[in-house]
>>> print(open('coords.csv').read())   # CSV, C-alpha atoms
chain,number,residue,atom,x,y,z
A,86,MET,CA,-11.6,3.4,0.3
A,87,ALA,CA,-9.0,6.2,0.0
A,88,GLN,CA,-5.7,5.0,-1.6
A,89,LEU,CA,-3.1,7.4,-0.4
A,90,GLU,CA,0.5,6.8,-1.4
A,91,PRO,CA,2.7,6.3,1.7
A,92,ASP,CA,6.0,8.1,2.0
A,93,ILE,CA,9.3,6.4,1.4
A,94,ILE,CA,10.3,6.3,5.1
A,95,GLN,CA,7.0,4.6,6.0
A,96,LEU,CA,7.4,2.1,3.2
A,97,ALA,CA,11.0,1.3,4.3
A,98,ALA,CA,9.8,0.6,7.8
A,99,GLU,CA,7.0,-1.6,6.6
A,100,LEU,CA,9.3,-3.6,4.3
A,101,GLY,CA,11.7,-4.1,7.3
A,102,ALA,CA,8.8,-5.7,9.2
A,103,THR,CA,8.3,-8.5,6.6
A,104,SER,CA,10.1,-11.8,7.0
A,105,PHE,CA,12.0,-11.4,3.7
A,106,PHE,CA,13.4,-7.9,4.4
A,107,GLN,CA,13.7,-8.1,8.2
A,108,GLY,CA,17.1,-7.2,9.6
A,109,LEU,CA,18.3,-5.4,6.5
A,110,ASP,CA,20.1,-2.1,7.1
A,111,GLN,CA,17.8,1.0,7.1
A,112,GLN,CA,19.8,2.5,4.2
A,113,VAL,CA,19.2,-0.6,2.1
A,114,LEU,CA,15.5,-0.6,2.9
A,115,CYS,CA,15.3,3.0,1.9
A,116,GLN,CA,17.0,2.2,-1.4
A,117,PHE,CA,14.4,-0.5,-2.1
A,118,ALA,CA,11.7,2.0,-1.1
A,119,GLU,CA,13.0,4.6,-3.5
A,120,ARG,CA,12.9,2.2,-6.4
A,121,ALA,CA,9.4,1.0,-5.6
A,122,ARG,CA,6.5,2.0,-7.9
A,123,TRP,CA,3.0,2.8,-6.5
A,124,ARG,CA,0.0,1.1,-8.2
A,125,THR,CA,-3.7,1.3,-7.5
A,126,TYR,CA,-6.5,-1.0,-8.6
A,127,THR,CA,-10.2,-1.2,-8.4
A,128,ALA,CA,-12.0,-4.3,-7.2
A,129,GLY,CA,-11.9,-7.1,-9.7
A,130,ALA,CA,-8.8,-5.8,-11.5
A,131,VAL,CA,-6.2,-8.1,-13.0
A,132,ILE,CA,-2.7,-7.3,-11.7
A,133,PHE,CA,-1.0,-9.9,-13.9
A,134,LEU,CA,-2.1,-12.9,-15.9
A,135,GLU,CA,-0.6,-16.4,-15.9
A,136,GLY,CA,2.2,-16.4,-18.4
A,137,ASP,CA,3.1,-12.7,-18.0
A,138,GLU,CA,6.7,-11.7,-17.4
A,139,ALA,CA,7.5,-11.3,-13.8
A,140,PRO,CA,8.3,-7.6,-13.1
A,141,GLY,CA,9.2,-7.9,-9.5
A,142,PHE,CA,7.9,-8.3,-5.9
A,143,TYR,CA,4.6,-6.9,-5.0
A,144,TYR,CA,4.0,-5.5,-1.5
A,145,VAL,CA,0.3,-5.0,-0.4
A,146,GLN,CA,-0.2,-1.7,1.2
A,147,GLN,CA,-4.0,-1.6,1.2
A,148,GLY,CA,-6.7,-4.1,0.1
A,149,TRP,CA,-6.7,-7.8,-0.8
A,150,VAL,CA,-5.6,-9.9,-3.7
A,151,LYS,CA,-6.2,-13.5,-4.7
A,152,ILE,CA,-3.8,-15.7,-6.7
A,153,VAL,CA,-5.7,-18.2,-8.9
A,154,LYS,CA,-5.2,-20.9,-11.5
A,155,MET,CA,-7.9,-21.0,-14.1
A,156,SER,CA,-9.2,-24.0,-16.0
A,157,PRO,CA,-10.1,-23.7,-19.7
A,158,GLU,CA,-13.7,-23.7,-18.6
A,159,GLY,CA,-13.1,-20.7,-16.3
A,160,ARG,CA,-13.2,-22.6,-13.0
A,161,GLU,CA,-10.9,-21.1,-10.3
A,162,GLN,CA,-8.5,-22.7,-7.9
A,163,ILE,CA,-7.4,-20.1,-5.4
A,164,LEU,CA,-3.8,-20.6,-4.3
A,165,TYR,CA,-3.4,-17.7,-1.9
A,166,PHE,CA,-5.1,-14.6,-0.5
A,167,TRP,CA,-2.7,-11.7,0.2
A,168,GLY,CA,-3.6,-8.7,2.3
A,169,PRO,CA,-1.9,-5.7,3.9
A,170,GLY,CA,1.8,-6.4,4.8
A,171,ASP,CA,2.1,-9.4,2.4
A,172,LEU,CA,4.7,-9.9,-0.3
A,173,PHE,CA,3.9,-11.9,-3.5
A,174,GLY,CA,5.2,-12.5,-7.0
A,175,GLY,CA,8.7,-13.4,-5.9
A,176,MET,CA,8.9,-17.0,-7.0
A,177,SER,CA,8.9,-16.0,-10.7
A,178,VAL,CA,11.3,-13.2,-10.1
A,179,PHE,CA,13.9,-15.5,-8.6
A,180,ALA,CA,13.2,-18.4,-11.0
A,181,ASN,CA,13.3,-16.0,-14.0
A,182,GLN,CA,10.1,-17.6,-15.4
A,183,PRO,CA,6.7,-16.3,-16.4
A,184,MET,CA,4.0,-15.9,-13.8
A,185,PRO,CA,2.5,-19.3,-13.0
A,186,ALA,CA,-0.9,-17.9,-11.9
A,187,THR,CA,-3.2,-14.9,-12.2
A,188,ALA,CA,-3.5,-12.1,-9.6
A,189,ILE,CA,-6.9,-10.4,-9.1
A,190,THR,CA,-7.9,-7.7,-6.6
A,191,LEU,CA,-10.8,-8.5,-4.3
A,192,GLU,CA,-11.4,-4.8,-3.3
A,193,PRO,CA,-9.8,-1.5,-4.0
A,194,THR,CA,-6.1,-2.1,-3.6
A,195,GLY,CA,-2.8,-0.2,-3.4
A,196,LEU,CA,0.4,-2.0,-4.1
A,197,TRP,CA,4.1,-1.3,-4.3
A,198,LEU,CA,6.0,-3.0,-7.1
A,199,LEU,CA,9.6,-3.6,-6.2
A,200,PRO,CA,11.4,-4.0,-9.6
A,201,ARG,CA,13.1,-7.2,-10.3
A,202,ASP,CA,16.4,-5.5,-11.2
A,203,ALA,CA,16.5,-3.8,-7.8
A,204,ILE,CA,16.2,-7.2,-6.0
A,205,GLN,CA,18.7,-8.9,-8.3
A,206,GLN,CA,21.3,-6.0,-7.9
A,207,ARG,CA,21.0,-6.4,-4.1
A,208,LEU,CA,21.6,-10.2,-4.4
A,209,VAL,CA,24.8,-9.5,-6.4
A,210,ALA,CA,26.0,-6.9,-3.8
A,211,ASP,CA,25.1,-9.0,-0.8
A,212,PRO,CA,25.2,-12.8,-1.5
A,213,THR,CA,24.0,-13.6,2.0
A,214,MET,CA,20.6,-12.3,0.8
A,215,ALA,CA,20.4,-15.5,-1.2
A,216,LEU,CA,19.6,-17.2,2.0
A,217,ARG,CA,16.4,-15.1,2.3
A,218,VAL,CA,15.5,-16.1,-1.2
A,219,ILE,CA,15.9,-19.8,-0.4
A,220,GLU,CA,13.8,-19.4,2.8
A,221,PHE,CA,11.1,-17.5,0.9
A,222,MET,CA,10.9,-20.1,-1.9
A,223,ALA,CA,11.0,-23.0,0.6
A,224,ARG,CA,8.0,-21.5,2.5
A,225,ARG,CA,6.0,-21.1,-0.8
A,226,ILE,CA,6.8,-24.7,-1.8
A,227,ASN,CA,5.7,-26.0,1.6
A,228,GLU,CA,2.5,-24.0,1.2
A,229,LEU,CA,1.8,-25.6,-2.2
A,230,ILE,CA,2.6,-29.1,-0.9
A,231,THR,CA,0.0,-28.5,1.8
A,232,LEU,CA,-2.5,-27.5,-0.8
A,233,VAL,CA,-1.8,-30.6,-2.9
A,234,THR,CA,-2.1,-32.8,0.2
A,235,ASP,CA,-5.4,-31.2,1.0
A,236,LEU,CA,-6.8,-31.6,-2.5
A,237,SER,CA,-5.7,-35.2,-2.8
A,238,LEU,CA,-6.1,-36.6,0.7
A,239,ARG,CA,-8.8,-34.6,2.5
A,240,SER,CA,-12.5,-34.4,1.8
A,241,VAL,CA,-14.0,-30.9,1.4
A,242,THR,CA,-15.3,-31.1,5.0
A,243,ALA,CA,-11.8,-32.0,6.3
A,244,ARG,CA,-10.2,-29.1,4.2
A,245,LEU,CA,-12.8,-26.7,5.6
A,246,ALA,CA,-12.2,-27.8,9.2
A,247,ARG,CA,-8.4,-27.5,8.8
A,248,LEU,CA,-8.7,-24.0,7.3
A,249,LEU,CA,-11.0,-22.8,10.1
A,250,LEU,CA,-8.6,-24.0,12.7
A,251,GLU,CA,-5.7,-22.3,11.0
A,252,GLU,CA,-7.4,-18.9,10.4
A,253,ALA,CA,-9.2,-18.5,13.7
A,254,GLU,CA,-8.1,-15.8,16.1
A,255,GLY,CA,-9.2,-17.1,19.4
A,256,ASP,CA,-12.5,-18.9,18.5
A,257,LEU,CA,-13.5,-16.5,15.7
A,258,VAL,CA,-12.8,-16.4,11.9
A,259,GLN,CA,-13.7,-13.0,10.7
A,260,ARG,CA,-15.2,-12.9,7.2
A,261,GLN,CA,-14.0,-10.2,4.7
A,262,ARG,CA,-16.7,-8.4,2.8
A,263,TRP,CA,-15.6,-10.2,-0.4
A,264,ALA,CA,-15.4,-13.7,1.3
A,265,THR,CA,-18.4,-15.2,-0.5
A,266,GLN,CA,-19.2,-18.9,-0.5
A,267,SER,CA,-17.9,-19.0,-4.1
A,268,GLU,CA,-14.6,-17.5,-3.1
A,269,LEU,CA,-14.2,-20.0,-0.2
A,270,ALA,CA,-15.2,-22.9,-2.4
A,271,ALA,CA,-12.6,-21.9,-5.0
A,272,ARG,CA,-10.0,-21.8,-2.2
A,273,LEU,CA,-10.9,-25.3,-1.1
A,274,GLY,CA,-11.1,-26.7,-4.6
A,275,ALA,CA,-14.8,-27.5,-4.3
A,276,ALA,CA,-18.1,-26.7,-6.0
A,277,PRO,CA,-20.2,-24.1,-4.0
A,278,ASP,CA,-23.0,-26.6,-3.3
A,279,VAL,CA,-20.4,-29.1,-1.9
A,280,LEU,CA,-19.0,-26.4,0.3
A,281,ASN,CA,-22.5,-25.4,1.5
A,282,ARG,CA,-23.1,-29.0,2.5
A,283,ALA,CA,-19.8,-29.2,4.4
A,284,LEU,CA,-20.6,-25.9,6.3
A,285,ARG,CA,-24.1,-27.3,7.1
A,286,THR,CA,-22.6,-30.5,8.4
A,287,LEU,CA,-20.3,-28.6,10.8
A,288,VAL,CA,-23.1,-26.5,12.0
A,289,GLU,CA,-25.5,-29.4,12.5
A,290,GLU,CA,-22.8,-31.3,14.5
A,291,GLY,CA,-22.3,-28.3,16.8
A,292,LEU,CA,-18.7,-27.7,15.7
A,293,ILE,CA,-19.2,-24.1,14.4
A,294,ASP,CA,-21.7,-21.3,14.4
A,295,LEU,CA,-22.1,-19.4,11.1
A,296,SER,CA,-23.1,-15.8,10.4
A,297,ARG,CA,-22.5,-13.4,7.6
A,298,GLN,CA,-19.7,-11.6,9.4
A,299,GLN,CA,-17.9,-14.4,11.2
A,300,ILE,CA,-17.6,-18.1,11.9
A,301,ARG,CA,-17.4,-19.1,15.6
A,302,LEU,CA,-15.6,-22.3,16.5
A,303,LEU,CA,-17.6,-24.2,19.2
A,304,ASP,CA,-15.6,-27.4,19.4
A,305,ARG,CA,-11.9,-27.2,18.4
A,306,GLN,CA,-11.3,-30.9,19.3
A,307,GLY,CA,-14.2,-32.0,17.1
A,308,LEU,CA,-12.9,-29.8,14.2
A,309,ALA,CA,-9.4,-31.3,14.6
A,310,ALA,CA,-10.9,-34.8,14.3
A,311,LYS,CA,-12.7,-33.7,11.1
A,312,ALA,CA,-9.5,-32.3,9.6
A,313,ILE,CA,-7.7,-35.6,9.7
A,314,PRO,CA,-6.8,-36.7,6.1
A,315,ASP,CA,-9.0,-39.5,4.7
A,316,ARG,CA,-7.7,-43.0,4.8
>>> encode(input="coords.csv", output="structure tokens")
Amino acid sequence: MAQLEPDIIQLAAELGATSFFQGLDQQVLCQFAERARWRTYTAGAVIFLEGDEAPGFYYVQQGWVKIVKMSPEGREQILYFWGPGDLFGGMSVFANQPMPATAITLEPTGLWLLPRDAIQQRLVADPTMALRVIEFMARRINELITLVTDLSLRSVTARLARLLLEEAEGDLVQRQRWATQSELAARLGAAPDVLNRALRTLVEEGLIDLSRQQIRLLDRQGLAAKAIPDR
């Protein structure tokens, strides 16, 4: 995949389309864009490690990134997938703490790094921007609460059913080239063989149809019933 560095005007426009920067004056967006640093990575590259200092916000221009926690044995729990148009890394910037997880590219990826000092200077100049920070962190916290709820209260089959319902566009979930069973298992906090059994269960019950490129939802009501937390 070609990784061509976009121009500043294009970057400013794309930042303005994100929920965090939406509504900011064009001049301010261009100031952020001028401070941004372009980075490219091959597939499987580490962007940062858990415990690293937080250098700033990352904006995904091209490619996909996974954010993972690693066990001492090397087992992964995927917290997020981030793709084109997404921002990540902000929690540690605003909390002034080390990165709580590791970021790894899933395919050739181009990112913009928005330096921490540029964000913090804007917060000092425009205190109302603090509301954006609060909203951003609240969304991340809610997402992590959902993940904890899934891992503690839902079976793997229930987690899988909920994920499919959330990610379907119409009745289709498109599968990225890197979306292996192992990656999906790590996202759901399951062993690959357990995930395979859950997929097979949904197929055998007529709830989904599975292929290499996509998953088709055949019975949304049935999947919704499967997604109910265990009692």
>>> closest_residue(input="coords.csv", among="A:Phe221, A:Trp263, A:Trp197, A:Phe106", to="Gly141 of chain A", atoms="all atoms listed in the file")
A:Trp197
>>> atom_distance(input="coords.csv", atom1="atom CA of Glu290 of chain A", atom2="atom CA of Ala271 of chain A")
23.9 Å
>>> closest_residue(input="coords.csv", among="A:Met214, A:Leu273, A:Ala253, A:Ala283", to="Leu302 of chain A", atoms="only C-alpha atoms")
A:Ala253
>>> residues_around(input="coords.csv", residues="Lys154 of chain A", least_positions_apart="4", cutoff="7 Å", atoms="all atoms listed in the file", output="ChimeraX atom specification")
/A:161-163,186-187
>>> residues_around(input="coords.csv", residues="segment 93-103 of chain A", least_positions_apart="5", cutoff="8 Å", atoms="all atoms listed in the file", output="ChimeraX atom specification")
/A:108-109,111,114-115,117-119,170-172
>>> closest_residue(input="coords.csv", among="A:Arg201, A:Pro277, A:Arg244, A:Leu303", to="Gln182 of chain A", atoms="all atoms listed in the file")
A:Arg201
>>> atom_distance(input="coords.csv", atom1="atom CA of Ala264 of chain A", atom2="atom CA of Met155 of chain A")
18.6 Å
>>> atom_distance(input="coords.csv", atom1="atom CA of Arg239 of chain A", atom2="atom CA of Arg285 of chain A")
17.6 Å
>>> closest_residue(input="coords.csv", among="A:Lys151, A:Lys311, A:Arg260, A:Arg272", to="Thr286 of chain A", atoms="only C-alpha atoms")
A:Lys311
>>> decode(input="coords.csv", residues="segment 259-271 of chain A", atoms="all heavy atoms", output="compact mmCIF listing (two decimals), in the first residue's frame")
# COMPACT_ATOMS: atom_id res chain seq x y z
N GLN A 259 -17.95 -7.09 7.51
CA GLN A 259 -16.82 -7.32 6.61
C GLN A 259 -15.58 -7.65 7.44
O GLN A 259 -15.32 -7.03 8.46
CB GLN A 259 -16.55 -6.07 5.75
CG GLN A 259 -17.70 -5.69 4.84
CD GLN A 259 -17.99 -6.73 3.76
OE1 GLN A 259 -17.12 -7.55 3.43
NE2 GLN A 259 -19.19 -6.70 3.22
N ARG A 260 -14.83 -8.62 6.96
CA ARG A 260 -13.64 -9.06 7.68
C ARG A 260 -12.39 -8.50 7.01
O ARG A 260 -12.15 -8.72 5.83
CB ARG A 260 -13.57 -10.59 7.71
CG ARG A 260 -14.85 -11.22 8.28
CD ARG A 260 -14.76 -12.73 8.33
NE ARG A 260 -13.89 -13.18 9.42
CZ ARG A 260 -13.70 -14.47 9.72
NH1 ARG A 260 -14.27 -15.42 9.00
NH2 ARG A 260 -12.91 -14.81 10.72
N GLN A 261 -11.61 -7.74 7.79
CA GLN A 261 -10.34 -7.23 7.27
C GLN A 261 -9.39 -8.39 6.97
O GLN A 261 -9.52 -9.48 7.53
CB GLN A 261 -9.69 -6.30 8.30
CG GLN A 261 -10.53 -5.10 8.68
CD GLN A 261 -10.54 -4.04 7.60
OE1 GLN A 261 -9.72 -4.05 6.69
NE2 GLN A 261 -11.50 -3.12 7.68
N ARG A 262 -8.40 -8.13 6.11
CA ARG A 262 -7.46 -9.19 5.74
C ARG A 262 -6.72 -9.74 6.96
O ARG A 262 -6.38 -10.92 7.01
CB ARG A 262 -6.44 -8.65 4.73
CG ARG A 262 -7.02 -8.39 3.34
CD ARG A 262 -6.02 -7.68 2.47
NE ARG A 262 -5.72 -6.35 3.00
CZ ARG A 262 -4.81 -5.53 2.47
NH1 ARG A 262 -4.10 -5.92 1.42
NH2 ARG A 262 -4.61 -4.33 2.99
N TRP A 263 -6.48 -8.88 7.95
CA TRP A 263 -5.73 -9.30 9.13
C TRP A 263 -6.64 -9.89 10.21
O TRP A 263 -6.15 -10.33 11.25
CB TRP A 263 -4.98 -8.11 9.73
CG TRP A 263 -5.79 -6.85 9.78
CD1 TRP A 263 -5.75 -5.81 8.90
CD2 TRP A 263 -6.79 -6.49 10.76
NE1 TRP A 263 -6.64 -4.83 9.26
CE2 TRP A 263 -7.29 -5.21 10.39
CE3 TRP A 263 -7.29 -7.11 11.89
CZ2 TRP A 263 -8.27 -4.57 11.13
CZ3 TRP A 263 -8.27 -6.48 12.63
CH2 TRP A 263 -8.75 -5.21 12.25
N ALA A 264 -7.95 -9.91 9.98
CA ALA A 264 -8.90 -10.33 11.02
C ALA A 264 -8.96 -11.85 11.11
O ALA A 264 -9.95 -12.48 10.73
CB ALA A 264 -10.27 -9.74 10.75
N THR A 265 -7.91 -12.45 11.63
CA THR A 265 -7.84 -13.90 11.80
C THR A 265 -8.68 -14.32 13.01
O THR A 265 -9.10 -13.49 13.83
CB THR A 265 -6.39 -14.34 12.01
OG1 THR A 265 -5.91 -13.74 13.24
CG2 THR A 265 -5.50 -13.88 10.86
N GLN A 266 -8.88 -15.63 13.12
CA GLN A 266 -9.58 -16.14 14.29
C GLN A 266 -8.82 -15.81 15.57
O GLN A 266 -9.42 -15.52 16.60
CB GLN A 266 -9.75 -17.67 14.18
CG GLN A 266 -10.45 -18.16 12.91
CD GLN A 266 -11.91 -17.75 12.85
OE1 GLN A 266 -12.23 -16.59 12.61
NE2 GLN A 266 -12.79 -18.71 13.03
N SER A 267 -7.49 -15.83 15.49
CA SER A 267 -6.69 -15.51 16.68
C SER A 267 -6.88 -14.06 17.12
O SER A 267 -6.98 -13.77 18.32
CB SER A 267 -5.20 -15.77 16.40
OG SER A 267 -4.98 -17.15 16.18
N GLU A 268 -6.94 -13.14 16.13
CA GLU A 268 -7.16 -11.73 16.47
C GLU A 268 -8.54 -11.54 17.10
O GLU A 268 -8.70 -10.82 18.09
CB GLU A 268 -7.04 -10.85 15.22
CG GLU A 268 -5.63 -10.76 14.64
CD GLU A 268 -4.70 -9.91 15.48
OE1 GLU A 268 -5.14 -9.32 16.48
OE2 GLU A 268 -3.51 -9.84 15.13
N LEU A 269 -9.54 -12.19 16.53
CA LEU A 269 -10.90 -12.07 17.07
C LEU A 269 -10.97 -12.67 18.46
O LEU A 269 -11.61 -12.12 19.37
CB LEU A 269 -11.90 -12.75 16.13
CG LEU A 269 -13.38 -12.66 16.52
CD1 LEU A 269 -13.81 -11.22 16.70
CD2 LEU A 269 -14.24 -13.36 15.46
N ALA A 270 -10.29 -13.80 18.66
CA ALA A 270 -10.28 -14.43 19.99
C ALA A 270 -9.65 -13.51 21.02
O ALA A 270 -10.15 -13.36 22.14
CB ALA A 270 -9.53 -15.76 19.92
N ALA A 271 -8.53 -12.85 20.64
CA ALA A 271 -7.86 -11.93 21.56
C ALA A 271 -8.75 -10.75 21.90
O ALA A 271 -8.73 -10.22 23.01
CB ALA A 271 -6.54 -11.46 20.96
